[in-house]
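**Q** Following this line is input-v5.cif, made up of mmCIF, C-alpha atoms:
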data_data
#
loop_
_atom_site.label_atom_id
_atom_site.label_comp_id
_atom_site.auth_asym_id
_atom_site.auth_seq_id
_atom_site.Cartn_x
_atom_site.Cartn_y
_atom_site.Cartn_z
CA MET A 1 -11.66 -23.08 -103.61
CA LEU A 2 -10.20 -19.95 -105.03
CA THR A 3 -8.97 -20.59 -108.50
CA PHE A 4 -7.00 -18.06 -110.40
CA THR A 5 -7.33 -17.22 -114.06
CA ILE A 6 -5.10 -14.39 -115.10
CA CYS A 7 -6.65 -11.28 -116.65
CA SER A 8 -6.73 -11.50 -120.44
CA ASN A 9 -4.98 -8.14 -120.76
CA SER A 10 -1.49 -9.22 -121.80
CA SER A 11 0.31 -6.72 -119.56
CA CYS A 12 -1.70 -7.62 -116.45
CA SER A 13 -0.96 -10.22 -113.78
CA GLN A 14 -4.15 -9.72 -111.74
CA SER A 15 -6.77 -12.46 -111.44
CA ALA A 16 -9.80 -12.33 -113.69
CA LEU A 17 -13.14 -11.59 -112.07
CA PHE A 18 -15.84 -14.19 -111.56
CA ASN A 19 -17.52 -15.03 -114.90
CA ASN A 20 -15.23 -12.66 -116.75
CA THR A 21 -11.91 -12.73 -118.56
CA ASN A 22 -10.62 -9.48 -117.09
CA CYS A 23 -9.68 -8.10 -113.71
CA ALA A 24 -11.50 -5.08 -112.22
CA SER A 25 -8.99 -2.62 -113.72
CA HIS A 26 -9.41 -3.97 -117.26
CA LEU A 27 -13.11 -4.70 -117.06
CA LYS A 28 -15.10 -3.74 -120.13
CA ASP A 29 -18.62 -2.42 -119.50
CA LYS A 30 -18.22 -2.15 -115.74
CA ASP A 31 -21.84 -1.02 -115.14
CA ASN A 32 -23.29 -4.01 -116.93
CA TYR A 33 -20.98 -6.41 -115.09
CA LEU A 34 -21.91 -4.84 -111.77
CA GLU A 35 -25.60 -5.36 -112.48
CA GLU A 36 -24.96 -9.01 -113.48
CA ILE A 37 -23.09 -9.63 -110.24
CA LYS A 38 -25.77 -7.96 -108.14
CA THR A 39 -28.36 -10.21 -109.74
CA PHE A 40 -26.15 -13.24 -109.10
CA LEU A 41 -25.60 -12.31 -105.45
CA ASN A 42 -29.30 -11.70 -104.92
CA ALA A 43 -30.30 -15.00 -106.49
CA HIS A 44 -27.89 -17.29 -104.60
CA SER A 45 -27.68 -18.01 -100.92
CA ASN A 46 -24.53 -20.17 -101.19
CA ILE A 47 -21.73 -18.12 -102.73
CA SER A 48 -18.49 -19.99 -103.16
CA SER A 49 -15.14 -19.54 -104.90
CA ILE A 50 -15.86 -16.23 -106.59
CA ASN A 51 -13.37 -13.48 -107.25
CA LEU A 52 -14.71 -9.92 -107.06
CA ALA A 53 -11.41 -8.27 -106.20
CA GLY A 54 -11.30 -4.54 -106.80
CA MET A 55 -15.03 -4.02 -107.37
CA THR A 56 -17.17 -1.41 -105.58
CA PHE A 57 -20.57 -2.27 -104.13
CA SER A 58 -23.04 0.04 -102.43
CA ASP A 59 -26.34 -0.47 -100.61
CA LEU A 60 -26.43 -4.24 -101.11
CA ASP A 61 -28.43 -6.60 -98.98
CA LEU A 62 -26.18 -9.64 -98.52
CA SER A 63 -27.86 -10.89 -95.36
CA ASN A 64 -28.46 -14.60 -94.70
CA LYS A 65 -25.85 -15.65 -97.29
CA ASN A 66 -23.30 -18.39 -96.99
CA PHE A 67 -19.91 -17.26 -98.36
CA SER A 68 -17.00 -19.67 -98.67
CA PHE A 69 -13.56 -19.19 -100.24
CA CYS A 70 -14.43 -15.91 -101.96
CA ASN A 71 -11.94 -13.22 -102.87
CA PHE A 72 -13.12 -9.70 -101.98
CA SER A 73 -9.59 -8.38 -101.83
CA HIS A 74 -9.32 -4.59 -102.48
CA THR A 75 -13.11 -4.47 -102.84
CA GLN A 76 -15.18 -1.60 -101.51
CA PHE A 77 -18.45 -2.23 -99.69
CA ASN A 78 -20.47 0.85 -98.76
CA ASN A 79 -23.57 0.54 -96.62
CA CYS A 80 -23.95 -3.21 -97.23
CA ASN A 81 -25.91 -5.53 -94.99
CA PHE A 82 -24.20 -8.86 -94.20
CA GLN A 83 -26.35 -9.65 -91.14
CA LYS A 84 -26.85 -13.33 -90.26
CA SER A 85 -24.44 -14.41 -92.99
CA LYS A 86 -21.80 -17.11 -92.77
CA PHE A 87 -18.22 -16.69 -93.97
CA TYR A 88 -15.52 -19.33 -94.23
CA GLY A 89 -12.13 -18.87 -95.85
CA VAL A 90 -13.11 -15.49 -97.33
CA PHE A 91 -10.55 -12.81 -98.19
CA PHE A 92 -11.55 -9.23 -97.36
CA ASP A 93 -7.90 -8.13 -97.35
CA PHE A 94 -7.31 -4.44 -98.11
CA THR A 95 -11.07 -4.09 -98.48
CA GLN A 96 -12.89 -0.90 -97.54
CA LEU A 97 -15.89 -1.65 -95.36
CA ILE A 98 -17.84 1.50 -94.73
CA GLN A 99 -21.10 1.48 -92.75
CA CYS A 100 -21.50 -2.26 -93.18
CA ASN A 101 -23.38 -4.49 -90.81
CA PHE A 102 -22.03 -7.98 -90.02
CA SER A 103 -24.10 -8.47 -86.87
CA PHE A 104 -25.41 -11.94 -85.90
CA SER A 105 -22.93 -13.46 -88.36
CA ASN A 106 -20.73 -16.50 -88.22
CA ILE A 107 -17.29 -15.56 -89.54
CA VAL A 108 -14.67 -18.28 -89.40
CA TRP A 109 -11.09 -18.42 -90.69
CA THR A 110 -11.51 -15.28 -92.77
CA ALA A 111 -8.96 -12.56 -93.56
CA PHE A 112 -9.81 -8.88 -93.08
CA SER A 113 -6.13 -7.98 -92.89
CA GLY A 114 -5.14 -4.58 -94.21
CA ALA A 115 -8.80 -3.56 -94.45
CA LYS A 116 -10.24 -0.17 -93.64
CA ILE A 117 -13.25 -0.65 -91.39
CA GLN A 118 -15.34 2.43 -90.72
CA ASN A 119 -18.65 2.71 -88.87
CA CYS A 120 -19.23 -1.04 -89.05
CA GLN A 121 -21.11 -3.36 -86.72
CA PHE A 122 -19.99 -6.90 -85.84
CA ILE A 123 -22.41 -7.33 -82.93
CA GLU A 124 -23.40 -10.71 -81.43
CA SER A 125 -21.29 -12.57 -83.93
CA ASP A 126 -18.91 -15.50 -83.89
CA ILE A 127 -15.67 -14.20 -85.37
CA LEU A 128 -13.39 -17.16 -84.90
CA ARG A 129 -9.75 -17.49 -85.97
CA CYS A 130 -9.99 -14.46 -88.26
CA GLY A 131 -7.15 -12.21 -89.40
CA PHE A 132 -7.44 -8.46 -88.78
CA ILE A 133 -3.74 -7.72 -88.92
CA GLY A 134 -2.91 -4.19 -89.97
CA VAL A 135 -6.57 -3.15 -90.13
CA LYS A 136 -7.50 0.45 -89.63
CA ALA A 137 -10.83 0.39 -87.79
CA GLN A 138 -12.76 3.43 -86.65
CA ASN A 139 -16.11 3.89 -84.91
CA SER A 140 -16.97 0.24 -85.09
CA LYS A 141 -18.54 -2.23 -82.67
CA PHE A 142 -17.80 -5.89 -81.94
CA ASN A 143 -19.96 -6.00 -78.80
CA ASN A 144 -21.24 -9.33 -77.44
CA SER A 145 -19.17 -11.27 -79.96
CA ASN A 146 -16.94 -14.28 -79.66
CA LEU A 147 -13.54 -13.36 -81.12
CA TYR A 148 -11.74 -16.54 -80.09
CA SER A 149 -8.22 -16.75 -81.52
CA SER A 150 -8.65 -13.86 -83.96
CA ARG A 151 -5.65 -11.66 -84.63
CA PHE A 152 -5.59 -7.83 -84.55
CA ILE A 153 -1.77 -7.73 -84.64
CA ASN A 154 -0.36 -4.35 -85.78
CA SER A 155 -3.86 -2.92 -86.19
CA HIS A 156 -4.95 0.68 -85.59
CA LEU A 157 -8.21 0.74 -83.68
CA SER A 158 -9.87 4.01 -82.83
CA HIS A 159 -13.23 4.33 -81.05
CA VAL A 160 -13.83 0.61 -81.33
CA GLU A 161 -15.94 -1.33 -78.82
CA PHE A 162 -15.34 -4.90 -77.66
CA VAL A 163 -17.89 -4.84 -74.83
CA ASP A 164 -18.78 -8.18 -73.26
CA CYS A 165 -16.79 -10.18 -75.80
CA ASN A 166 -14.95 -13.46 -75.51
CA ILE A 167 -11.40 -12.51 -76.43
CA LEU A 168 -9.72 -15.73 -75.34
CA ARG A 169 -6.47 -16.04 -77.35
CA THR A 170 -7.41 -12.91 -79.36
CA ASN A 171 -4.19 -11.18 -80.28
CA TYR A 172 -3.76 -7.37 -80.10
CA GLU A 173 0.05 -7.31 -80.01
CA HIS A 174 1.74 -4.30 -81.66
CA ALA A 175 -1.71 -2.69 -82.05
CA THR A 176 -2.41 0.99 -81.56
CA LEU A 177 -5.57 1.36 -79.54
CA THR A 178 -7.27 4.71 -79.07
CA ASP A 179 -10.51 4.84 -77.09
CA VAL A 180 -11.03 1.10 -77.33
CA ASN A 181 -13.56 -0.27 -74.87
CA PHE A 182 -13.04 -3.80 -73.48
CA LYS A 183 -15.66 -3.51 -70.70
CA TYR A 184 -16.83 -6.92 -69.37
CA SER A 185 -14.49 -8.74 -71.78
CA ASN A 186 -11.85 -11.25 -70.65
CA LYS A 187 -8.88 -9.03 -71.47
CA GLU A 188 -6.62 -11.14 -69.20
CA GLU A 189 -7.03 -14.10 -71.56
CA ALA A 190 -6.15 -12.10 -74.67
CA TYR A 191 -2.68 -11.31 -75.99
CA ILE A 192 -2.35 -7.58 -75.40
CA ASP A 193 0.84 -5.56 -74.96
CA GLU A 194 1.39 -4.93 -71.23
CA GLU A 195 1.11 -1.13 -71.36
CA ILE A 196 -2.35 -1.41 -72.95
CA LYS A 197 -3.49 -4.30 -70.75
CA ASN A 198 -2.90 -2.26 -67.62
CA LYS A 199 -4.81 0.81 -68.81
CA MET B 1 -7.93 -28.43 -106.66
CA LYS B 2 -10.03 -28.57 -103.50
CA VAL B 3 -8.64 -27.69 -100.08
CA PHE B 4 -10.51 -28.57 -96.90
CA PRO B 5 -9.01 -26.90 -93.83
CA HIS B 6 -9.48 -28.69 -90.53
CA PHE B 7 -8.97 -27.01 -87.17
CA VAL B 8 -7.13 -29.15 -84.63
CA ILE B 9 -8.38 -28.12 -81.19
CA VAL B 10 -5.46 -29.92 -79.50
CA GLY B 11 -2.54 -27.64 -80.28
CA PHE B 12 -4.76 -25.08 -82.08
CA SER B 13 -3.24 -26.04 -85.42
CA ASN B 14 -4.55 -26.37 -88.96
CA SER B 15 -4.58 -29.56 -91.03
CA TYR B 16 -5.38 -29.48 -94.73
CA LEU B 17 -7.03 -32.14 -96.83
CA ILE B 18 -6.25 -31.57 -100.50
CA ALA B 19 -7.73 -33.32 -103.51
CA SER B 20 -8.22 -32.80 -107.19
CA ASP B 21 -11.56 -31.34 -108.29
CA ASN B 22 -11.62 -33.21 -111.63
CA GLY B 23 -14.20 -35.67 -110.30
CA HIS B 24 -12.30 -38.87 -111.06
CA ASP B 25 -9.14 -38.72 -108.94
CA HIS B 26 -10.00 -39.81 -105.42
CA ASP B 27 -6.48 -39.97 -104.05
CA ALA B 28 -5.87 -37.17 -101.58
CA VAL B 29 -3.12 -35.54 -99.60
CA ILE B 30 -3.22 -34.45 -95.99
CA ILE B 31 -0.85 -31.82 -94.67
CA ASP B 32 0.01 -31.82 -90.94
CA PRO B 33 -2.54 -34.20 -89.42
CA GLY B 34 -2.28 -32.85 -85.88
CA ILE B 35 -5.25 -34.96 -84.97
CA PHE B 36 -7.32 -37.61 -86.68
CA ASP B 37 -10.85 -37.19 -85.38
CA SER B 38 -14.32 -38.15 -86.57
CA LYS B 39 -14.83 -34.75 -88.21
CA LEU B 40 -11.76 -35.21 -90.40
CA LEU B 41 -12.73 -38.80 -91.20
CA LYS B 42 -16.21 -37.62 -92.21
CA MET B 43 -14.69 -34.93 -94.43
CA ILE B 44 -12.58 -37.57 -96.21
CA GLU B 45 -15.38 -40.11 -96.54
CA ASP B 46 -18.10 -37.62 -97.57
CA ASN B 47 -15.89 -36.54 -100.44
CA LYS B 48 -15.10 -40.16 -101.39
CA LEU B 49 -11.38 -39.57 -100.92
CA TYR B 50 -8.54 -41.89 -99.95
CA ILE B 51 -5.44 -40.55 -98.23
CA LYS B 52 -2.39 -41.56 -100.23
CA LYS B 53 0.17 -39.07 -99.00
CA ILE B 54 0.85 -37.31 -95.72
CA LEU B 55 2.97 -34.16 -95.96
CA VAL B 56 4.59 -32.91 -92.76
CA THR B 57 5.79 -29.28 -92.51
CA HIS B 58 7.71 -30.14 -89.33
CA ALA B 59 7.58 -32.86 -86.73
CA HIS B 60 6.08 -30.96 -83.82
CA LYS B 61 3.31 -32.69 -81.89
CA ALA B 62 0.50 -30.36 -83.03
CA HIS B 63 1.25 -31.26 -86.64
CA ILE B 64 1.81 -35.02 -86.51
CA ASP B 65 -0.24 -36.50 -83.68
CA GLY B 66 -2.96 -37.80 -86.00
CA ILE B 67 -0.57 -39.88 -88.12
CA THR B 68 -0.77 -43.06 -86.03
CA THR B 69 -4.57 -43.29 -86.29
CA LEU B 70 -4.54 -42.20 -89.91
CA LEU B 71 -2.19 -45.02 -90.87
CA LYS B 72 -4.50 -47.56 -89.24
CA ILE B 73 -7.13 -46.60 -91.81
CA TYR B 74 -5.22 -45.56 -94.91
CA ASP B 75 -2.16 -47.00 -96.59
CA ALA B 76 -0.42 -43.66 -96.95
CA LYS B 77 3.19 -42.60 -97.37
CA ILE B 78 4.69 -39.86 -95.22
CA TYR B 79 6.77 -37.12 -96.82
CA ALA B 80 8.91 -35.03 -94.48
CA PHE B 81 12.41 -33.60 -94.06
CA ARG B 82 13.24 -36.24 -91.46
CA ASP B 83 13.52 -39.90 -92.44
CA LYS B 84 11.46 -41.02 -89.46
CA ILE B 85 8.39 -39.50 -87.79
CA LEU B 86 7.02 -41.08 -84.63
CA GLU B 87 7.79 -44.77 -85.28
CA PHE B 88 7.16 -44.51 -89.03
CA LYS B 89 9.70 -44.41 -91.83
CA THR B 90 9.19 -41.46 -94.17
CA ILE B 91 10.23 -40.45 -97.64
CA SER B 92 12.68 -37.71 -96.85
CA VAL B 93 12.28 -34.68 -99.12
CA LYS B 94 14.56 -31.71 -99.65
CA GLN B 95 14.59 -28.34 -101.44
CA ASN B 96 12.93 -28.30 -104.90
CA LYS B 97 11.77 -31.92 -104.71
CA THR B 98 8.25 -32.37 -106.09
CA ILE B 99 5.59 -34.61 -104.60
CA GLU B 100 2.85 -35.77 -106.94
CA CYS B 101 -0.54 -37.23 -106.18
CA GLY B 102 -2.61 -37.67 -109.34
CA PRO B 103 -2.80 -34.24 -110.96
CA LEU B 104 -1.61 -32.50 -107.78
CA CYS B 105 2.03 -31.47 -107.70
CA PHE B 106 3.60 -29.96 -104.59
CA LYS B 107 6.98 -28.28 -104.59
CA VAL B 108 9.12 -28.61 -101.47
CA ILE B 109 10.79 -25.51 -100.03
CA GLU B 110 13.23 -25.90 -97.15
CA THR B 111 12.70 -23.18 -94.54
CA PRO B 112 14.75 -24.00 -91.45
CA GLY B 113 14.71 -21.82 -88.33
CA HIS B 114 11.59 -22.66 -86.37
CA SER B 115 12.90 -26.22 -86.45
CA ARG B 116 15.68 -27.85 -88.45
CA ASP B 117 13.12 -29.87 -90.40
CA SER B 118 10.72 -27.05 -91.39
CA LEU B 119 9.32 -27.32 -94.90
CA VAL B 120 6.85 -25.25 -96.91
CA PHE B 121 4.78 -26.93 -99.61
CA LYS B 122 3.71 -24.95 -102.68
CA ILE B 123 0.95 -25.88 -105.08
CA ASP B 124 -0.47 -23.46 -107.64
CA ASN B 125 -0.87 -20.10 -105.90
CA TYR B 126 -0.92 -21.60 -102.39
CA LEU B 127 1.77 -21.99 -99.77
CA PHE B 128 1.35 -24.33 -96.81
CA THR B 129 3.76 -22.70 -94.44
CA GLY B 130 3.48 -24.71 -91.22
CA ASP B 131 4.82 -22.55 -88.41
CA ILE B 132 7.43 -20.60 -90.35
CA LEU B 133 4.93 -17.89 -91.36
CA THR B 134 1.46 -17.37 -89.89
CA SER B 135 -0.82 -14.34 -89.98
CA GLY B 136 1.09 -11.52 -88.27
CA LYS B 137 3.75 -13.79 -86.84
CA ILE B 138 6.82 -15.82 -87.69
CA GLY B 139 7.67 -19.16 -86.10
CA SER B 140 9.15 -19.31 -82.63
CA TYR B 141 12.92 -19.72 -82.39
CA VAL B 142 15.53 -20.61 -79.81
CA HIS B 143 18.47 -18.45 -80.90
CA GLU B 144 18.87 -15.21 -82.80
CA SER B 145 20.60 -17.16 -85.57
CA ALA B 146 17.46 -19.30 -85.98
CA ARG B 147 15.38 -16.12 -86.24
CA ASN B 148 17.68 -14.88 -89.00
CA LEU B 149 17.25 -18.20 -90.79
CA ILE B 150 13.45 -17.85 -90.63
CA LEU B 151 13.57 -14.27 -91.89
CA SER B 152 15.94 -15.06 -94.75
CA SER B 153 13.85 -18.11 -95.73
CA ILE B 154 10.73 -15.94 -95.94
CA ARG B 155 12.46 -13.10 -97.75
CA GLU B 156 14.44 -15.17 -100.22
CA LYS B 157 12.30 -18.24 -100.77
CA LEU B 158 8.69 -17.14 -100.20
CA PHE B 159 8.35 -13.43 -101.00
CA PRO B 160 9.44 -13.91 -104.66
CA PHE B 161 6.16 -15.76 -105.27
CA GLY B 162 4.36 -12.40 -105.11
CA ASP B 163 1.91 -10.53 -102.90
CA GLU B 164 -1.21 -12.36 -104.05
CA THR B 165 0.12 -15.78 -103.06
CA ILE B 166 -2.22 -17.30 -100.51
CA VAL B 167 -0.70 -18.58 -97.28
CA PHE B 168 -2.38 -21.45 -95.48
CA PRO B 169 -0.50 -21.56 -92.18
CA GLY B 170 -0.09 -24.24 -89.54
CA HIS B 171 -1.87 -22.04 -87.00
CA GLY B 172 -4.35 -19.18 -87.22
CA PRO B 173 -6.19 -17.53 -90.08
CA PRO B 174 -5.28 -17.64 -93.78
CA THR B 175 -3.26 -14.77 -95.15
CA LYS B 176 -1.36 -13.60 -98.24
CA LEU B 177 2.31 -12.79 -98.74
CA GLY B 178 1.38 -9.16 -99.49
CA ILE B 179 -0.38 -8.83 -96.15
CA GLU B 180 2.58 -10.28 -94.28
CA ARG B 181 5.10 -8.15 -96.16
CA LEU B 182 3.24 -5.01 -95.12
CA TYR B 183 1.90 -5.79 -91.64
CA ASN B 184 3.77 -8.66 -90.04
CA PRO B 185 5.80 -6.88 -87.32
CA ALA B 186 8.73 -9.29 -87.68
CA LEU B 187 8.95 -8.70 -91.41
CA GLN B 188 8.44 -4.94 -91.52
CA LYS B 189 12.08 -4.31 -90.75
CA PHE B 190 13.13 -5.65 -94.15
#
So that I can check it, write out the structure of this file as structure tokens.

**A**
Amino acid sequence: MLTFTICSNSSCSQSALFNNTNCASHLKDKDNYLEEIKTFLNAHSNISSINLAGMTFSDLDLSNKNFSFCNFSHTQFNNCNFQKSKFYGVFFDFTQLIQCNFSFSNIVWTAFSGAKIQNCQFIESDILRCGFIGVKAQNSKFNNSNLYSSRFINSHLSHVEFVDCNILRTNYEHATLTDVNFKYSNKEEAYIDEEIKNK
Amino acid sequence: MKVFPHFVIVGFSNSYLIASDNGHDHDAVIIDPGIFDSKLLKMIEDNKLYIKKILVTHAHKAHIDGITTLLKIYDAKIYAFRDKILEFKTISVKQNKTIECGPLCFKVIETPGHSRDSLVFKIDNYLFTGDILTSGKIGSYVHESARNLILSSIREKLFPFGDETIVFPGHGPPTKLGIERLYNPALQKF
């Protein structure tokens, strides 16, 4: 589970990072900590209950990992590979995901809400009961995925593909969709505002 | 504290099994047992837990249907707003009451609107909100006055806990108060 230890900086109310007494803003020796965390992530396949909120990661291979109850809130992932990984109860809220690959993953009950998703792939994945509310997604693909009961409420999706997806009970209400492709997907079983459904 | 979410396929709701992580307290709490199936039983038994308390956010079918079976196995007490759920007597709890189970201590928050008996349970940085607040939505309501009750409950009783407070809802994905404050269409008008 996510446990919260407050940052040791007396004026701060943020949670301390995993294996550290400070939050990302008050982290001492950021480069060294980043290297420690990269080593930790590389060495473990089961990654549970860690808080890395506010960190920035680039060019990481996080494929075939099993993440549960981790906090990646306000984190930035650039060009990271999450292929064939499992996620349960993970918070990617307000995270920036740029050129990341989540294909062939199993993502369950995970929050991406408020995230910025750019040039990302979520192909052939199970993305079940996940929160994407308020996300801003661009040039990204969810093709051939099962998005059962996930929520894209109030999201802004531009040039996003949901080709041949199961979108049973997937919720797109109040979303702004620009050039979104639902070809071969069961749009009639999703919750989509009428004016978009009929397009 | 350990929280084990359990998806209830009948009614598409979430149950939560909650226990201490200190290694020696085996008494556990279950919130909203919408079903009691073999998967939930396995979760309890694998973790060597015993259900002592059942907390009910509101007495709708998708949140209480597992109680009858559960009480055949465990000698547990039910805590709810109402004094009776199904055919079982409960311990009726109201605003600010605390419910303890070993080292776990839940605070009761009354949040009427979706139903007269809606409660939210708070422990540490977590809110178990039932149907009153779920990711991107608020609970359903019959009249506009009930909607106003839901909105004022969320604004006045939940939002003060802060944006990083984690919300474990009765349906759908987990969320945080900060996410809902910014992106929940029903709450954006505040």

**Q** If you measure from atom CA of Gln83 of chain A to atom CA of His159 of chain A, what distance in Å do you get, rounded to one decimal?

**A**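 Between atom CA of Gln83 of chain A and atom CA of His159 of chain A the gap works out to 21.7 Å.
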
**Q** Contacts from chain B to chain A, 12 Å maximum, all atoms listed in the file: show me the residue list as a PyMOL selection string.

**A** chain B and resi 1-7+9+12-14+18-21+123-126+134-137+162-169+171-188

**Q** Mind telling me what the PyMOL selection byres ((chain B and resi 50) around 12) catches here, as a ChimeraX atom specification?

**A** /B:17-20,25-30,41-49,51-54,70-71,73-76,101-102

**Q** What would the list of residues within 9 Å of (-13.0, -15.4, -107.6) (file frame) look like as a PDB file with C-alpha atoms, in the frame of the given file, if all atoms listed in the file are what count?

**A**
ATOM      1  CA  MET A   1     -11.660 -23.080-103.610  1.00  0.00           C
ATOM      2  CA  LEU A   2     -10.200 -19.950-105.030  1.00  0.00           C
ATOM      3  CA  THR A   3      -8.970 -20.590-108.500  1.00  0.00           C
ATOM      4  CA  PHE A   4      -7.000 -18.060-110.400  1.00  0.00           C
ATOM      5  CA  THR A   5      -7.330 -17.220-114.060  1.00  0.00           C
ATOM      6  CA  SER A  15      -6.770 -12.460-111.440  1.00  0.00           C
ATOM      7  CA  ALA A  16      -9.800 -12.330-113.690  1.00  0.00           C
ATOM      8  CA  LEU A  17     -13.140 -11.590-112.070  1.00  0.00           C
ATOM      9  CA  PHE A  18     -15.840 -14.190-111.560  1.00  0.00           C
ATOM     10  CA  ASN A  19     -17.520 -15.030-114.900  1.00  0.00           C
ATOM     11  CA  SER A  48     -18.490 -19.990-103.160  1.00  0.00           C
ATOM     12  CA  SER A  49     -15.140 -19.540-104.900  1.00  0.00           C
ATOM     13  CA  ILE A  50     -15.860 -16.230-106.590  1.00  0.00           C
ATOM     14  CA  ASN A  51     -13.370 -13.480-107.250  1.00  0.00           C
ATOM     15  CA  LEU A  52     -14.710  -9.920-107.060  1.00  0.00           C
ATOM     16  CA  ALA A  53     -11.410  -8.270-106.200  1.00  0.00           C
ATOM     17  CA  PHE A  69     -13.560 -19.190-100.240  1.00  0.00           C
ATOM     18  CA  CYS A  70     -14.430 -15.910-101.960  1.00  0.00           C
ATOM     19  CA  ASN A  71     -11.940 -13.220-102.870  1.00  0.00           C
ATOM     20  CA  PHE A  72     -13.120  -9.700-101.980  1.00  0.00           C
TER      21      PHE A  72
END

**Q** Applied to this file, what does the PyMOL selection byres ((chain A and resi 145) around 9) return in terms of residues, put as a PyMOL selection string?

**A** chain A and resi 103-104+122-127+142-144+146-147+162-167

**Q** Could you list, as an MDAnalysis selection string, every residue within 12 Å of His60 of chain B, counting only C-alpha atoms and ignoring same-chain residues fewer than 5 positions away?

**A** chainID B and resid 11 13 32:34 65:67 80 82 85:86 114:118 130:131 170

**Q** Can you work out which one of A:Lys65, A:Lys116, A:Lys187, A:His44 has the shortest atom-to-atom distance to Phe77 of chain A, counting all atoms listed in the file?

**A**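 Distance minimum relative to Phe77 of chain A lands on A:Lys116.
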
**Q** So what do you get for atom CA of Val120 of chain B versus atom CA of Ile78 of chain B, distance-wise?

**A**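 Between atom CA of Val120 of chain B and atom CA of Ile78 of chain B the gap is 14.9 Å.
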
**Q** Interatomic distance between atom CA of Leu27 of chain A and atom CA of Leu62 of chain A?

**A**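 Between atom CA of Leu27 of chain A and atom CA of Leu62 of chain A the gap works out to 23.2 Å.
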
**Q** Write out as a PyMOL selection string each polymer residue whose atoms come within 6 Å of segment 100-102 of chain A, counting only C-alpha atoms; drop sequence neighbours fewer than 4 positions from it.

**A** chain A and resi 79-83+120-122

**Q** Here is a test: counting only C-alpha atoms, which residue of A:Thr176, A:Asn139, A:Thr170, A:Thr39 is nearest to His156 of chain A?

**A**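 Checking each candidate against His156 of chain A, we get A:Thr176 as the closest.
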
**Q** Once the PyMOL selection byres ((chain A and resi 29-38) around 9) has been evaluated on this model, what residues remain selected, and can you format them as a PyMOL selection string?

**A** chain A and resi 18+20+24+27-28+39-43+52+55-57+60

**Q** Please provide the set of residues having any atom within 6 Å of segment 140-147 of chain B, restricted to only C-alpha atoms, with same-chain residues fewer than 2 positions apart removed, written as an mmCIF file with C-alpha atoms, keeping the file's coordinate frame.

**A**
data_model
loop_
_atom_site.group_PDB
_atom_site.id
_atom_site.type_symbol
_atom_site.label_atom_id
_atom_site.label_comp_id
_atom_site.auth_asym_id
_atom_site.auth_seq_id
_atom_site.Cartn_x
_atom_site.Cartn_y
_atom_site.Cartn_z
ATOM 1 C CA GLY B 113 14.710 -21.820 -88.330
ATOM 2 C CA HIS B 114 11.590 -22.660 -86.370
ATOM 3 C CA LEU B 149 17.250 -18.200 -90.790
ATOM 4 C CA ILE B 150 13.450 -17.850 -90.630
#

**Q** Env of Glu161 of chain A: 9 Å cut, atoms = only C-alpha atoms, seq-sep filter 6 positions within chain, self excluded. Answer as a list in words.

**A** Asn139, Ser140, Lys141, Phe142, Asn143, Asp179, Val180, Asn181, Phe182 and Lys183 of chain A

**Q** Using only C-alpha atoms, which protein or nucleic acid residues come within 6 Å of Lys122 of chain B? Drop anything in the same chain fewer than 2 positions from it, and give the result as a ChimeraX atom specification.

**A** /B:106-107,126-127

**Q** Which residue is closest to Ser45 of chain A? Choose from A:Thr178, A:Asn78, A:Ser158, A:Ser68 and count only C-alpha atoms.

**A** A:Ser68
